[in-house]
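For reference, the structure discussed in these notes is given below.
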Amino acid sequence: PPLPQEKINDAIALNLSMISPLPEGDRYGAAEPIGRGASGESEYLGVFAPRTAIDPYMAIFRESGFLPVALEFSGLSIARAIREFSSHDSSVPAIVARLGSAGADFFIIKDGRLAFQYLSLWENLLSESGGRQIGLDALSKFLAREISRVSHFYSGKWGGSIRHILLASG
């Protein structure tokens, strides 16, 4: 229901605390609006990071004379870069696949904003294939399976289908 801003902030904080994978004192967490759902409700993207992963970097920045104002994970940065610098029409939903050193990240960009992120670790694919290398056939099947998963998630959550897949790589 429509709420005053201070009540919305309280509701967001409560929802973040309920869905967080970490206790409140052990994590940083935030949310940002990403649009409206099919029935008109406000939707927010929640993010969490363990303090033990962030605090050492913050200390290095401060010791070096920098004042960190914001930290964000790669999905938010990639979504903003696509929105601001690519020729992709931000009104068209897309899946972004990013192959990195730890695994493959899959993002859903909706209305130009990050709406969902899913990471699949290479070690899981290696254990499936029972080896130390990932062959081209195994990689192709893996990518098709994971893109299908993310696409089905999109269809179930927002309806419709995604016809655009973007590849981001370092």
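Letters A, B, ... mark the chains of the structure tokens in the order given; residue numbers begin at 1 per chain; ligand numbers begin at 1, in order shown.
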
Neighbours of Arg27 (chain A) within 8 Å (only C-alpha atoms; same-chain residues fewer than 2 positions away dropped), as a list in words? Leu22, Pro23, Glu24, Gly25, Gly29, Phe48, Ala49, Pro50 and Arg51 of chain A

All helix (DSSP H, G or I) residues (DSSP, backbone) inside chain A, as a PyMOL selection string: chain A and resi 5-19+24-26+51-63+74-85+122-129+136-158

In Å, with one decimal, what is the gap from CA of Ala30 (chain A) to CA of Leu76 (chain A)?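 Between CA of Ala30 (chain A) and CA of Leu76 (chain A) the gap works out to 12.4 Å.
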
Pick from A:Glu128, A:Glu32, A:Glu43, A:Glu6: nearest to Trp158 (chain A), with only C-alpha atoms counted?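 Closest to Trp158 (chain A), using only C-alpha atoms: A:Glu43.
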
Skip Ala102 (chain A) itself and residues of its chain fewer than 6 positions away, then list as a PyMOL selection string all residues within 10 Å of it, counting only C-alpha atoms. chain A and resi 119-123
